[in-house]
$ cat model_30.txt   # compact mmCIF, C-alpha atoms
# COMPACT_ATOMS: atom_id res chain seq x y z
CA MET G 1479 96.67 125.31 107.67
CA LYS G 1480 94.21 127.33 109.74
CA LEU G 1481 91.89 125.66 112.24
CA VAL G 1482 88.53 127.48 112.18
CA ARG G 1483 86.49 125.18 114.42
CA LYS G 1484 86.73 121.82 116.14
CA ASP G 1485 83.59 120.09 117.46
CA LEU G 1486 84.37 116.65 118.88
CA GLU G 1487 82.11 114.51 121.09
CA LYS G 1488 83.30 112.35 124.00
CA ASP G 1489 83.35 109.27 121.72
CA ASN G 1490 85.64 111.22 119.31
CA ALA G 1491 82.94 111.61 116.66
CA GLY G 1492 82.46 115.11 115.25
CA GLN G 1493 83.69 117.60 112.71
CA VAL G 1494 86.57 119.97 112.06
CA THR G 1495 86.57 123.08 109.86
CA LEU G 1496 89.93 123.96 108.26
CA ILE G 1497 91.36 126.39 105.69
CA PRO G 1498 94.36 125.11 103.67
CA GLU G 1499 96.75 128.04 103.16
CA GLU G 1500 99.73 126.46 101.36
CA PRO G 1501 100.10 123.75 98.68
CA GLU G 1502 101.50 121.38 101.32
CA ASP G 1503 98.28 121.69 103.31
CA MET G 1504 96.66 119.69 100.50
CA TRP G 1505 98.97 116.79 101.42
CA HIS G 1506 97.88 117.04 105.06
CA THR G 1507 94.22 117.12 103.96
CA TYR G 1508 94.77 114.03 101.78
CA ASN G 1509 96.01 112.21 104.89
CA LEU G 1510 93.01 113.37 106.95
CA LEU G 1511 90.42 112.16 104.42
CA GLN G 1512 89.10 108.60 104.41
CA VAL G 1513 86.44 106.78 102.44
CA GLY G 1514 83.15 107.07 104.37
CA ASP G 1515 83.92 110.51 105.82
CA SER G 1516 81.58 113.43 105.20
CA LEU G 1517 83.09 116.47 103.42
CA ARG G 1518 81.34 119.83 103.13
CA ALA G 1519 82.90 122.42 100.83
CA SER G 1520 82.18 125.04 98.20
CA THR G 1521 82.31 123.73 94.62
CA ILE G 1522 81.24 124.53 91.05
CA ARG G 1523 78.45 122.48 89.44
CA LYS G 1524 77.17 122.59 85.87
CA VAL G 1525 73.39 123.08 86.11
CA GLN G 1526 70.81 122.90 83.32
CA THR G 1527 68.28 125.75 83.31
CA GLU G 1528 65.07 126.16 81.35
CA SER G 1529 63.93 129.65 80.38
CA ALA G 1530 60.29 130.87 80.13
CA THR G 1531 60.36 130.20 76.39
CA GLY G 1532 61.35 126.58 76.95
CA SER G 1533 64.93 126.82 75.71
CA VAL G 1534 67.43 124.81 77.74
CA GLY G 1535 70.84 126.20 78.70
CA SER G 1536 73.56 125.27 81.15
CA ASN G 1537 75.31 127.45 83.71
CA ARG G 1538 78.23 126.88 86.04
CA ILE G 1539 77.05 127.68 89.56
CA ARG G 1540 79.02 127.84 92.80
CA THR G 1541 77.27 125.95 95.57
CA THR G 1542 78.11 124.22 98.85
CA LEU G 1543 77.76 120.43 98.90
CA THR G 1544 78.14 117.74 101.54
CA LEU G 1545 79.53 114.50 100.11
CA CYS G 1546 80.00 111.02 101.51
CA VAL G 1547 83.59 110.39 100.38
CA GLU G 1548 84.06 107.47 97.96
CA ALA G 1549 87.37 108.22 96.18
CA ILE G 1550 90.31 110.54 96.87
CA ASP G 1551 92.82 111.56 94.20
CA PHE G 1552 95.97 113.53 95.07
CA ASP G 1553 98.44 114.95 92.53
CA SER G 1554 101.70 115.39 94.49
CA GLN G 1555 103.46 117.58 91.91
CA ALA G 1556 100.60 120.05 91.41
CA CYS G 1557 99.41 119.62 95.06
CA GLN G 1558 95.81 119.26 93.85
CA LEU G 1559 93.22 117.21 95.70
CA ARG G 1560 89.98 115.89 94.18
CA VAL G 1561 87.35 114.15 96.27
CA LYS G 1562 84.54 112.14 94.64
CA GLY G 1563 81.39 111.11 96.45
CA THR G 1564 77.59 111.19 96.64
CA ASN G 1565 75.55 114.16 97.83
CA ILE G 1566 74.06 113.46 101.29
CA GLN G 1567 72.43 116.83 102.03
CA GLU G 1568 69.57 118.48 100.17
CA ASN G 1569 70.64 121.10 97.66
CA GLU G 1570 68.60 123.08 95.12
CA TYR G 1571 71.01 122.21 92.28
CA VAL G 1572 72.11 118.66 93.10
CA LYS G 1573 69.85 115.70 93.87
CA MET G 1574 70.39 113.50 96.92
CA GLY G 1575 72.64 110.57 96.00
CA ALA G 1576 74.01 112.30 92.87
CA TYR G 1577 77.75 111.96 92.25
CA HIS G 1578 80.00 114.99 92.33
CA THR G 1579 83.76 115.69 92.50
CA ILE G 1580 84.96 118.52 94.73
CA GLU G 1581 88.38 120.01 94.02
CA LEU G 1582 89.65 121.42 97.30
CA GLU G 1583 91.34 124.79 96.87
CA PRO G 1584 93.83 126.80 98.95
CA ASN G 1585 92.26 129.55 101.08
CA ARG G 1586 88.77 128.06 100.80
CA GLN G 1587 87.45 126.40 103.93
CA PHE G 1588 86.03 122.89 104.19
CA THR G 1589 84.39 120.89 106.98
CA LEU G 1590 85.32 117.27 107.54
CA ALA G 1591 83.14 115.00 109.70
CA LYS G 1592 84.20 111.55 110.94
CA LYS G 1593 82.53 108.88 113.06
CA GLN G 1594 85.88 108.39 114.81
CA TRP G 1595 88.77 110.87 115.02
CA ASP G 1596 91.81 108.83 116.09
CA SER G 1597 95.02 110.11 117.71
CA VAL G 1598 97.08 109.99 114.48
CA VAL G 1599 94.62 112.20 112.56
CA LEU G 1600 94.29 114.69 115.43
CA GLU G 1601 98.08 114.92 115.72
CA ARG G 1602 98.34 115.67 111.98
CA ILE G 1603 95.89 118.57 112.36
CA GLU G 1604 97.98 119.92 115.25
CA GLN G 1605 101.18 119.71 113.16
CA ALA G 1606 99.58 121.19 110.03
CA CYS G 1607 98.31 124.19 112.02
CA ASP G 1608 101.69 124.81 113.70
CA PRO G 1609 103.73 127.24 111.54
CA ALA G 1610 107.02 126.18 113.19
CA TRP G 1611 106.55 122.72 111.69
CA SER G 1612 107.40 123.79 108.14
CA ALA G 1613 111.09 124.75 108.35
CA ASP G 1614 111.87 124.40 104.68
CA VAL G 1615 115.02 123.21 102.99
CA ALA G 1616 116.01 123.22 99.31
CA ALA G 1617 118.54 120.91 97.70
CA VAL G 1618 120.53 120.81 94.46
CA VAL G 1619 121.74 117.23 93.90
CA MET G 1620 124.16 117.20 90.97
CA GLN G 1621 126.87 115.47 88.96
CA GLU G 1622 128.45 116.57 85.67
CA GLY G 1623 125.58 117.03 83.21
CA LEU G 1624 122.71 116.12 85.61
CA ALA G 1625 121.06 118.10 88.42
CA HIS G 1626 117.85 117.82 90.43
CA ILE G 1627 116.48 120.90 92.20
CA CYS G 1628 114.29 119.71 95.09
CA LEU G 1629 112.27 121.25 97.89
CA VAL G 1630 112.44 119.26 101.13
CA THR G 1631 109.37 120.12 103.20
CA PRO G 1632 108.46 118.36 106.45
CA SER G 1633 106.14 116.03 104.55
CA MET G 1634 107.66 115.41 101.14
CA THR G 1635 110.53 115.79 98.71
CA LEU G 1636 109.32 117.66 95.65
CA THR G 1637 111.44 117.66 92.49
CA ARG G 1638 110.97 121.14 91.09
CA ALA G 1639 113.38 120.89 88.12
CA LYS G 1640 115.68 118.44 86.38
CA VAL G 1641 118.59 119.80 84.31
CA GLU G 1642 120.34 117.52 81.83
CA VAL G 1643 123.13 118.65 79.50
CA ASN G 1644 125.38 116.38 77.44
CA ILE G 1645 128.99 117.10 78.50
CA PRO G 1646 131.62 115.92 75.95
CA ARG G 1647 134.76 114.28 77.35
CA LYS G 1648 137.98 116.26 77.66
CA ARG G 1649 140.21 115.66 74.63
CA LYS G 1650 144.00 115.81 74.75
CA GLY G 1651 145.07 119.37 74.07
CA ASN G 1652 141.47 120.59 73.54
CA CYS G 1653 139.09 121.05 76.48
CA SER G 1654 137.07 123.93 75.01
CA GLN G 1655 133.98 121.85 74.09
CA HIS G 1656 133.90 120.24 77.54
CA ASP G 1657 134.32 123.60 79.32
CA ARG G 1658 131.65 125.33 77.18
CA ALA G 1659 129.11 122.54 77.82
CA LEU G 1660 129.89 122.57 81.55
CA GLU G 1661 129.37 126.34 81.69
CA ARG G 1662 126.05 125.99 79.85
CA PHE G 1663 125.02 123.29 82.37
CA TYR G 1664 125.96 125.46 85.37
CA GLU G 1665 124.08 128.42 83.90
CA GLN G 1666 120.89 126.34 83.51
CA VAL G 1667 121.17 125.10 87.12
CA VAL G 1668 121.58 128.70 88.40
CA GLN G 1669 118.45 129.74 86.45
CA ALA G 1670 116.51 126.78 87.88
CA ILE G 1671 117.59 127.72 91.43
CA GLN G 1672 116.37 131.30 90.96
CA ARG G 1673 113.11 130.14 89.39
CA HIS G 1674 112.16 127.43 91.89
CA ILE G 1675 113.67 128.39 95.27
CA ASN G 1676 111.88 131.01 97.36
CA PHE G 1677 114.66 132.42 99.56
CA GLU G 1678 112.14 134.13 101.85
CA VAL G 1679 110.91 130.71 103.02
CA VAL G 1680 113.95 128.46 102.52
CA LYS G 1681 116.41 128.46 105.43
CA CYS G 1682 119.11 126.35 103.81
CA VAL G 1683 120.10 125.23 100.29
CA LEU G 1684 122.10 122.00 100.14
CA VAL G 1685 124.42 121.62 97.15
CA ALA G 1686 125.35 117.93 96.96
CA SER G 1687 127.56 116.12 94.45
CA PRO G 1688 130.36 113.59 94.06
CA GLY G 1689 133.93 114.92 93.61
CA PHE G 1690 134.52 118.64 93.15
CA VAL G 1691 131.41 119.38 91.09
CA ARG G 1692 129.67 121.27 93.93
CA GLU G 1693 132.74 123.48 94.64
CA GLN G 1694 133.19 124.31 90.94
CA PHE G 1695 129.47 125.03 90.56
CA CYS G 1696 129.29 127.30 93.64
CA ASP G 1697 132.43 129.18 92.52
CA TYR G 1698 130.87 129.70 89.08
CA MET G 1699 127.48 130.76 90.52
CA PHE G 1700 128.86 133.40 92.89
CA GLN G 1701 131.43 134.73 90.38
CA GLN G 1702 128.55 135.27 87.92
CA ALA G 1703 126.42 136.79 90.69
CA ILE G 1704 129.19 139.33 91.43
CA LYS G 1705 129.63 140.10 87.69
CA THR G 1706 125.89 140.62 87.11
CA ASP G 1707 125.26 142.14 90.58
CA ASN G 1708 122.69 139.45 91.36
CA LYS G 1709 121.50 140.63 94.78
CA LEU G 1710 119.20 137.62 95.33
CA LEU G 1711 122.08 135.11 95.25
CA LEU G 1712 124.64 137.36 96.96
CA GLU G 1713 122.34 138.20 99.90
CA ASN G 1714 121.53 134.51 100.42
CA ARG G 1715 125.08 133.20 99.98
CA SER G 1716 125.26 132.07 103.64
CA LYS G 1717 122.29 129.73 103.09
CA PHE G 1718 124.23 127.52 100.64
CA LEU G 1719 125.80 124.46 102.24
CA GLN G 1720 128.07 122.07 100.28
CA VAL G 1721 127.86 118.36 101.08
CA HIS G 1722 128.89 115.07 99.50
CA SER G 1723 126.54 112.73 97.62
CA SER G 1724 127.33 109.69 95.48
CA SER G 1725 125.47 110.97 92.38
CA GLY G 1726 123.14 113.63 90.98
CA HIS G 1727 120.04 111.44 91.25
CA LYS G 1728 117.18 112.23 93.64
CA TYR G 1729 117.79 109.16 95.83
CA ALA G 1730 121.27 110.52 96.71
CA LEU G 1731 119.52 113.29 98.67
CA LYS G 1732 119.21 110.90 101.64
CA GLU G 1733 123.03 110.78 101.96
CA ALA G 1734 123.21 114.56 101.88
CA LEU G 1735 120.58 114.83 104.64
CA CYS G 1736 122.60 112.32 106.75
CA ASP G 1737 125.75 114.48 106.67
CA PRO G 1738 126.55 115.65 110.27
CA ALA G 1739 127.08 119.25 109.09
CA VAL G 1740 123.61 119.20 107.52
CA THR G 1741 121.99 117.49 110.51
CA SER G 1742 123.23 120.20 112.89
CA ARG G 1743 122.04 122.91 110.48
CA LEU G 1744 118.63 121.30 110.04
CA SER G 1745 118.22 120.03 113.59
CA ASP G 1746 114.81 121.70 113.84
CA THR G 1747 113.32 120.13 110.75
CA LYS G 1748 111.24 116.98 110.72
CA ALA G 1749 112.97 115.76 107.54
CA ALA G 1750 116.37 115.53 109.24
CA GLY G 1751 114.82 113.73 112.23
CA GLU G 1752 113.26 111.11 109.99
CA VAL G 1753 116.50 110.52 108.10
CA LYS G 1754 118.47 110.17 111.35
CA ALA G 1755 115.92 107.70 112.79
CA LEU G 1756 116.11 105.55 109.65
CA ASP G 1757 119.91 105.73 109.68
CA ASP G 1758 119.95 104.64 113.36
CA PHE G 1759 117.66 101.73 112.48
CA TYR G 1760 119.96 100.50 109.68
CA LYS G 1761 123.01 100.74 111.98
CA MET G 1762 121.16 98.77 114.66
CA LEU G 1763 120.10 96.15 112.12
CA GLN G 1764 123.72 95.73 111.12
CA HIS G 1765 125.33 95.63 114.57
CA GLU G 1766 122.57 94.40 116.92
CA PRO G 1767 119.87 92.70 114.80
CA ASP G 1768 117.97 91.60 117.95
CA ARG G 1769 117.25 95.28 118.65
CA ALA G 1770 115.94 96.19 115.17
CA PHE G 1771 112.62 94.74 114.01
CA TYR G 1772 110.49 95.43 110.95
CA GLY G 1773 107.18 94.05 109.70
CA LEU G 1774 103.90 94.49 111.63
CA LYS G 1775 103.87 91.09 113.43
CA HIS G 1776 107.47 91.41 114.67
CA VAL G 1777 106.98 95.01 115.79
CA GLU G 1778 103.71 94.16 117.60
CA LYS G 1779 105.49 91.32 119.47
CA ALA G 1780 108.26 93.72 120.49
CA ASN G 1781 105.62 96.18 121.66
CA GLU G 1782 103.94 93.49 123.80
CA ALA G 1783 107.32 93.13 125.55
CA MET G 1784 107.31 96.97 126.02
CA ALA G 1785 110.67 96.96 124.24
CA ILE G 1786 110.13 99.68 121.60
CA ASP G 1787 112.26 102.79 122.02
CA THR G 1788 111.54 104.34 118.58
CA LEU G 1789 108.73 103.34 116.22
CA LEU G 1790 109.17 104.24 112.54
CA ILE G 1791 105.90 104.07 110.61
CA SER G 1792 104.79 105.31 107.18
CA ASP G 1793 101.74 107.57 106.89
CA GLU G 1794 100.67 105.42 103.93
CA LEU G 1795 99.54 102.73 106.41
CA PHE G 1796 97.01 105.13 107.97
CA ARG G 1797 95.32 105.54 104.56
CA HIS G 1798 94.45 101.83 104.51
CA GLN G 1799 90.88 101.27 103.23
CA ASP G 1800 90.21 98.51 105.78
CA VAL G 1801 89.08 100.15 109.04
CA ALA G 1802 90.28 97.25 111.22
CA THR G 1803 93.79 97.30 109.67
CA ARG G 1804 94.05 101.07 110.08
CA ALA G 1805 92.86 100.77 113.71
CA ARG G 1806 95.61 98.19 114.31
CA TYR G 1807 98.30 100.68 113.25
CA VAL G 1808 96.73 103.48 115.35
CA LYS G 1809 96.60 101.15 118.37
CA LEU G 1810 100.30 100.34 117.89
CA VAL G 1811 101.21 104.06 117.79
CA ASP G 1812 99.14 104.83 120.93
CA SER G 1813 100.57 101.84 122.79
CA VAL G 1814 104.21 102.78 122.01
CA ARG G 1815 103.56 106.33 123.27
CA GLU G 1816 101.92 105.00 126.46
CA ASN G 1817 105.08 102.94 127.05
CA MET G 1818 107.19 106.15 126.77
CA GLY G 1819 108.49 105.27 123.30
CA THR G 1820 109.10 107.80 120.50
CA VAL G 1821 106.92 107.60 117.37
CA ARG G 1822 108.12 108.96 114.03
CA ILE G 1823 105.49 109.06 111.30
CA PHE G 1824 107.28 109.14 107.93
CA SER G 1825 105.79 110.73 104.84
CA SER G 1826 105.50 108.31 101.92
CA LEU G 1827 106.38 111.22 99.59
CA HIS G 1828 109.72 111.71 101.35
CA VAL G 1829 112.92 109.97 100.23
CA SER G 1830 113.24 108.39 103.70
CA GLY G 1831 109.54 107.41 103.65
CA GLU G 1832 110.01 105.61 100.33
CA GLN G 1833 112.86 103.61 101.88
CA LEU G 1834 110.80 102.74 104.95
CA GLY G 1835 108.05 101.57 102.57
CA GLN G 1836 110.50 98.98 101.20
CA LEU G 1837 110.79 97.64 104.78
CA THR G 1838 106.98 97.02 104.98
CA GLY G 1839 106.37 100.60 106.19
CA VAL G 1840 106.79 99.77 109.89
CA ALA G 1841 110.04 99.27 111.86
CA ALA G 1842 111.27 99.67 115.42
CA ILE G 1843 114.47 100.30 117.35
CA LEU G 1844 114.28 98.39 120.64
CA ARG G 1845 115.45 99.33 124.14
CA PHE G 1846 116.74 95.81 124.75
CA PRO G 1847 117.22 92.70 122.60
CA VAL G 1848 114.16 90.53 122.00
CA ALA G 1849 115.63 87.31 120.63
CA GLU G 1850 112.75 84.98 121.57
CA LEU G 1851 110.59 86.01 118.62
CA SER G 1852 113.00 84.81 115.93
CA ASP G 1853 113.74 81.71 118.02
CA GLN G 1854 110.00 80.92 118.33
CA GLU G 1855 109.56 81.26 114.60
CA ASP G 1856 112.53 78.98 113.91
CA GLU G 1857 111.10 76.37 116.33
CA SER G 1858 107.60 76.54 114.83
CA SER G 1859 108.96 76.26 111.27
CA SER G 1860 111.11 73.25 112.24
CA GLU G 1861 108.06 71.61 113.87
CA GLU G 1862 106.06 72.15 110.65
CA ASP G 1863 108.88 70.49 108.68
$ encode --input "model_30.txt" --output "structure tokens"
Amino acid sequence: MKLVRKDLEKDNAGQVTLIPEEPEDMWHTYNLLQVGDSLRASTIRKVQTESATGSVGSNRIRTTLTLCVEAIDFDSQACQLRVKGTNIQENEYVKMGAYHTIELEPNRQFTLAKKQWDSVVLERIEQACDPAWSADVAAVVMQEGLAHICLVTPSMTLTRAKVEVNIPRKRKGNCSQHDRALERFYEQVVQAIQRHINFEVVKCVLVASPGFVREQFCDYMFQQAIKTDNKLLLENRSKFLQVHSSSGHKYALKEALCDPAVTSRLSDTKAAGEVKALDDFYKMLQHEPDRAFYGLKHVEKANEAMAIDTLLISDELFRHQDVATRARYVKLVDSVRENMGTVRIFSSLHVSGEQLGQLTGVAAILRFPVAELSDQEDESSSEED
């Protein structure tokens, strides 16, 4: 993302002009937009024209519109963002108050104006415009007959391909059918890797599986690469890292990202940091439940006691339509930072973000146990009884 201009007043009202440069920038833009914001961008509008003879025709004309945002639609697989709203600035082709949908495009600038730019939104702009933030990782999560080829960006886990091949069981004295099917499966996975992984961007390719599937697959892939003199795979051989996972399903990617060998390799990436934070939270919940809280009320109480060491919060909560609810989450984030706590904002499109969503979307690891809260609740519930 490229920041063209930033004009903010003292009360944090103002506008920002940005140019999305990569598909992932659309995800950042989706998180910046809110209903009620003002969006100015170039768009195409179908306009009816009347000629001198009176005949009516319609033309598609490119024009710049300013909309008051009413609905936002994001397609995570295609990374397309459509914004619907009413025109709030005079335009020769579009009446004031007329509805229009702008499809934001890569490499085409837009200006976003808000009545209040909060700390979470401003931080997202900073991250989106920092090229070091997008240290990309690819992953092949597989088991016999099933493989998922994923891209793990700082903000989301994108499934780029799914390979499924029926592998017959080994029969006594005859394994040829099983071996042929397995070879066909491996070949399709290799093709998917070459098609969907850009080795110029990707720093590491995780190959995760149960058992010996990953070793057999990597042996096959590099033997074939040597036979066919496949320079792309041979030159990037050092980027492949084999790790254990319980299955070939997408959710097993979290285990692969937790592996210590992977964590050290990906120590610079946000994805690994999120996974580690969530893993630490689960361990704390298991061993010291008084130092692991989740749910907004519990976490706010812990924050009042200045007990939060690490706050885990899903970016989905900052897209809440209710301004007061959204402000409550922003206030929590600011307060934890003021108290020298660490804040990790999880992406809801990430495997770890999906898991945090199942825990209400907000959780905290505490510096010291806060037992009073659960005790108070027990007392109040017994009084009600």
$ atom_distance --input "model_30.txt" --atom1 "atom CA of Lys1681 of chain G" --atom2 "atom CA of Thr1788 of chain G"
27.9 Å
$ closest_residue --input "model_30.txt" --among "G:Lys1717, G:Val1598, G:Phe1690, G:Val1685" --to "Arg1815 of chain G" --atoms "all atoms listed in the file"
G:Val1598
$ closest_residue --input "model_30.txt" --among "G:Cys1628, G:Leu1827, G:Val1691, G:Val1641" --to "Gln1666 of chain G" --atoms "all atoms listed in the file"
G:Val1641
$ residues_near_point --input "model_30.txt" --point "(83.4, 111.3, 97.4)" --cutoff "10 Å" --atoms "all atoms listed in the file" --output "ChimeraX atom specification"
/G:1511-1517,1544-1551,1560-1565,1577-1580
$ atom_distance --input "model_30.txt" --atom1 "atom CA of Trp1595 of chain G" --atom2 "atom CA of Leu1486 of chain G"
8.2 Å
$ residues_around --input "model_30.txt" --residues "Asp1657 of chain G" --least-positions-apart "4" --cutoff "10 Å" --atoms "only C-alpha atoms" --output "list of chain:residue names"
G:Ile1645, G:Pro1646, G:Arg1647, G:Lys1648, G:Asn1652, G:Cys1653, G:Glu1661, G:Arg1662, G:Phe1663
$ residues_around --input "model_30.txt" --residues "Met1479 of chain G" --least-positions-apart "3" --cutoff "8 Å" --atoms "only C-alpha atoms" --output "list in words"
Leu1496, Ile1497, Pro1498, Glu1499, Glu1500, Asp1503, Ala1606, Cys1607 and Asp1608 of chain G
$ atom_distance --input "model_30.txt" --atom1 "atom CA of Glu1778 of chain G" --atom2 "atom CA of Leu1810 of chain G"
7.1 Å
$ residues_around --input "model_30.txt" --residues "Asp1787 of chain G" --least-positions-apart "2" --cutoff "8 Å" --atoms "all atoms listed in the file" --output "list in words"
Ala1785, Leu1789, Met1818, Gly1819, Thr1820, Ala1842, Ile1843, Leu1844 and Arg1845 of chain G
$ residues_around --input "model_30.txt" --residues "Ala1670 of chain G" --least-positions-apart "3" --cutoff "8 Å" --atoms "all atoms listed in the file" --output "ChimeraX atom specification"
/G:1627,1639,1666-1667,1673-1674
$ closest_residue --input "model_30.txt" --among "G:Gln1720, G:Ser1520, G:Thr1589, G:Gln1605" --to "Glu1502 of chain G" --atoms "only C-alpha atoms"
G:Gln1605
$ closest_residue --input "model_30.txt" --among "G:Met1574, G:Ala1519, G:Ala1491, G:Val1829" --to "Ala1730 of chain G" --atoms "all atoms listed in the file"
G:Val1829
$ residues_around --input "model_30.txt" --residues "segment 1538-1542 of chain G" --least-positions-apart "3" --cutoff "7 Å" --atoms "only C-alpha atoms" --output "list of chain:residue names"
G:Arg1518, G:Ala1519, G:Ser1520, G:Thr1521, G:Ile1522, G:Arg1523, G:Lys1524, G:Val1525
$ closest_residue --input "model_30.txt" --among "G:Leu1559, G:Ala1755, G:Ala1739, G:Trp1505" --to "Leu1636 of chain G" --atoms "all atoms listed in the file"
G:Trp1505
$ decode --input "model_30.txt" --residues "segment 1768-1827 of chain G" --atoms "C-alpha atoms" --output "mmCIF file, in the first residue's frame"
data_model
loop_
_atom_site.group_PDB
_atom_site.id
_atom_site.type_symbol
_atom_site.label_atom_id
_atom_site.label_comp_id
_atom_site.auth_asym_id
_atom_site.auth_seq_id
_atom_site.Cartn_x
_atom_site.Cartn_y
_atom_site.Cartn_z
ATOM 1 C CA ASP G 1768 -6.534 -17.357 36.772
ATOM 2 C CA ARG G 1769 -4.023 -15.786 34.362
ATOM 3 C CA ALA G 1770 -5.967 -16.460 31.126
ATOM 4 C CA PHE G 1771 -9.230 -14.593 30.511
ATOM 5 C CA TYR G 1772 -11.494 -14.402 27.488
ATOM 6 C CA GLY G 1773 -14.748 -12.576 26.760
ATOM 7 C CA LEU G 1774 -15.021 -8.761 26.749
ATOM 8 C CA LYS G 1775 -16.338 -8.301 30.339
ATOM 9 C CA HIS G 1776 -13.663 -10.538 31.896
ATOM 10 C CA VAL G 1777 -10.866 -8.942 29.876
ATOM 11 C CA GLU G 1778 -12.065 -5.402 30.729
ATOM 12 C CA LYS G 1779 -12.072 -6.300 34.457
ATOM 13 C CA ALA G 1780 -8.519 -7.638 34.143
ATOM 14 C CA ASN G 1781 -7.532 -4.425 32.373
ATOM 15 C CA GLU G 1782 -9.000 -2.318 35.205
ATOM 16 C CA ALA G 1783 -6.616 -4.199 37.514
ATOM 17 C CA MET G 1784 -3.775 -3.319 35.043
ATOM 18 C CA ALA G 1785 -3.085 -7.051 34.859
ATOM 19 C CA ILE G 1786 -2.972 -7.604 31.074
ATOM 20 C CA ASP G 1787 0.409 -8.626 29.691
ATOM 21 C CA THR G 1788 -0.789 -9.661 26.192
ATOM 22 C CA LEU G 1789 -4.147 -8.795 24.629
ATOM 23 C CA LEU G 1790 -5.342 -11.029 21.769
ATOM 24 C CA ILE G 1791 -8.130 -9.414 19.755
ATOM 25 C CA SER G 1792 -9.733 -10.173 16.373
ATOM 26 C CA ASP G 1793 -9.875 -7.452 13.713
ATOM 27 C CA GLU G 1794 -13.480 -8.542 13.087
ATOM 28 C CA LEU G 1795 -14.492 -6.692 16.279
ATOM 29 C CA PHE G 1796 -13.273 -3.370 14.834
ATOM 30 C CA ARG G 1797 -15.698 -3.776 11.911
ATOM 31 C CA HIS G 1798 -18.665 -3.684 14.307
ATOM 32 C CA GLN G 1799 -21.511 -1.539 12.900
ATOM 33 C CA ASP G 1800 -22.302 -0.047 16.322
ATOM 34 C CA VAL G 1801 -19.968 2.932 16.894
ATOM 35 C CA ALA G 1802 -20.139 2.666 20.703
ATOM 36 C CA THR G 1803 -19.212 -1.061 20.662
ATOM 37 C CA ARG G 1804 -16.320 -0.436 18.280
ATOM 38 C CA ALA G 1805 -15.118 2.475 20.461
ATOM 39 C CA ARG G 1806 -15.168 0.119 23.473
ATOM 40 C CA TYR G 1807 -12.736 -2.269 21.753
ATOM 41 C CA VAL G 1808 -10.476 0.611 20.625
ATOM 42 C CA LYS G 1809 -10.457 1.995 24.186
ATOM 43 C CA LEU G 1810 -9.430 -1.444 25.498
ATOM 44 C CA VAL G 1811 -6.531 -1.641 23.013
ATOM 45 C CA ASP G 1812 -5.319 1.897 23.868
ATOM 46 C CA SER G 1813 -5.602 1.250 27.604
ATOM 47 C CA VAL G 1814 -3.594 -2.020 27.445
ATOM 48 C CA ARG G 1815 -0.833 -0.221 25.507
ATOM 49 C CA GLU G 1816 -0.791 2.651 28.021
ATOM 50 C CA ASN G 1817 -0.285 0.044 30.768
ATOM 51 C CA MET G 1818 2.759 -1.325 28.860
ATOM 52 C CA GLY G 1819 0.910 -4.435 27.660
ATOM 53 C CA THR G 1820 1.381 -6.054 24.230
ATOM 54 C CA VAL G 1821 -1.547 -5.997 21.783
ATOM 55 C CA ARG G 1822 -1.863 -8.593 19.015
ATOM 56 C CA ILE G 1823 -4.594 -7.900 16.480
ATOM 57 C CA PHE G 1824 -5.496 -11.191 14.785
ATOM 58 C CA SER G 1825 -6.858 -11.397 11.263
ATOM 59 C CA SER G 1826 -10.243 -13.142 11.074
ATOM 60 C CA LEU G 1827 -9.119 -14.666 7.738
#
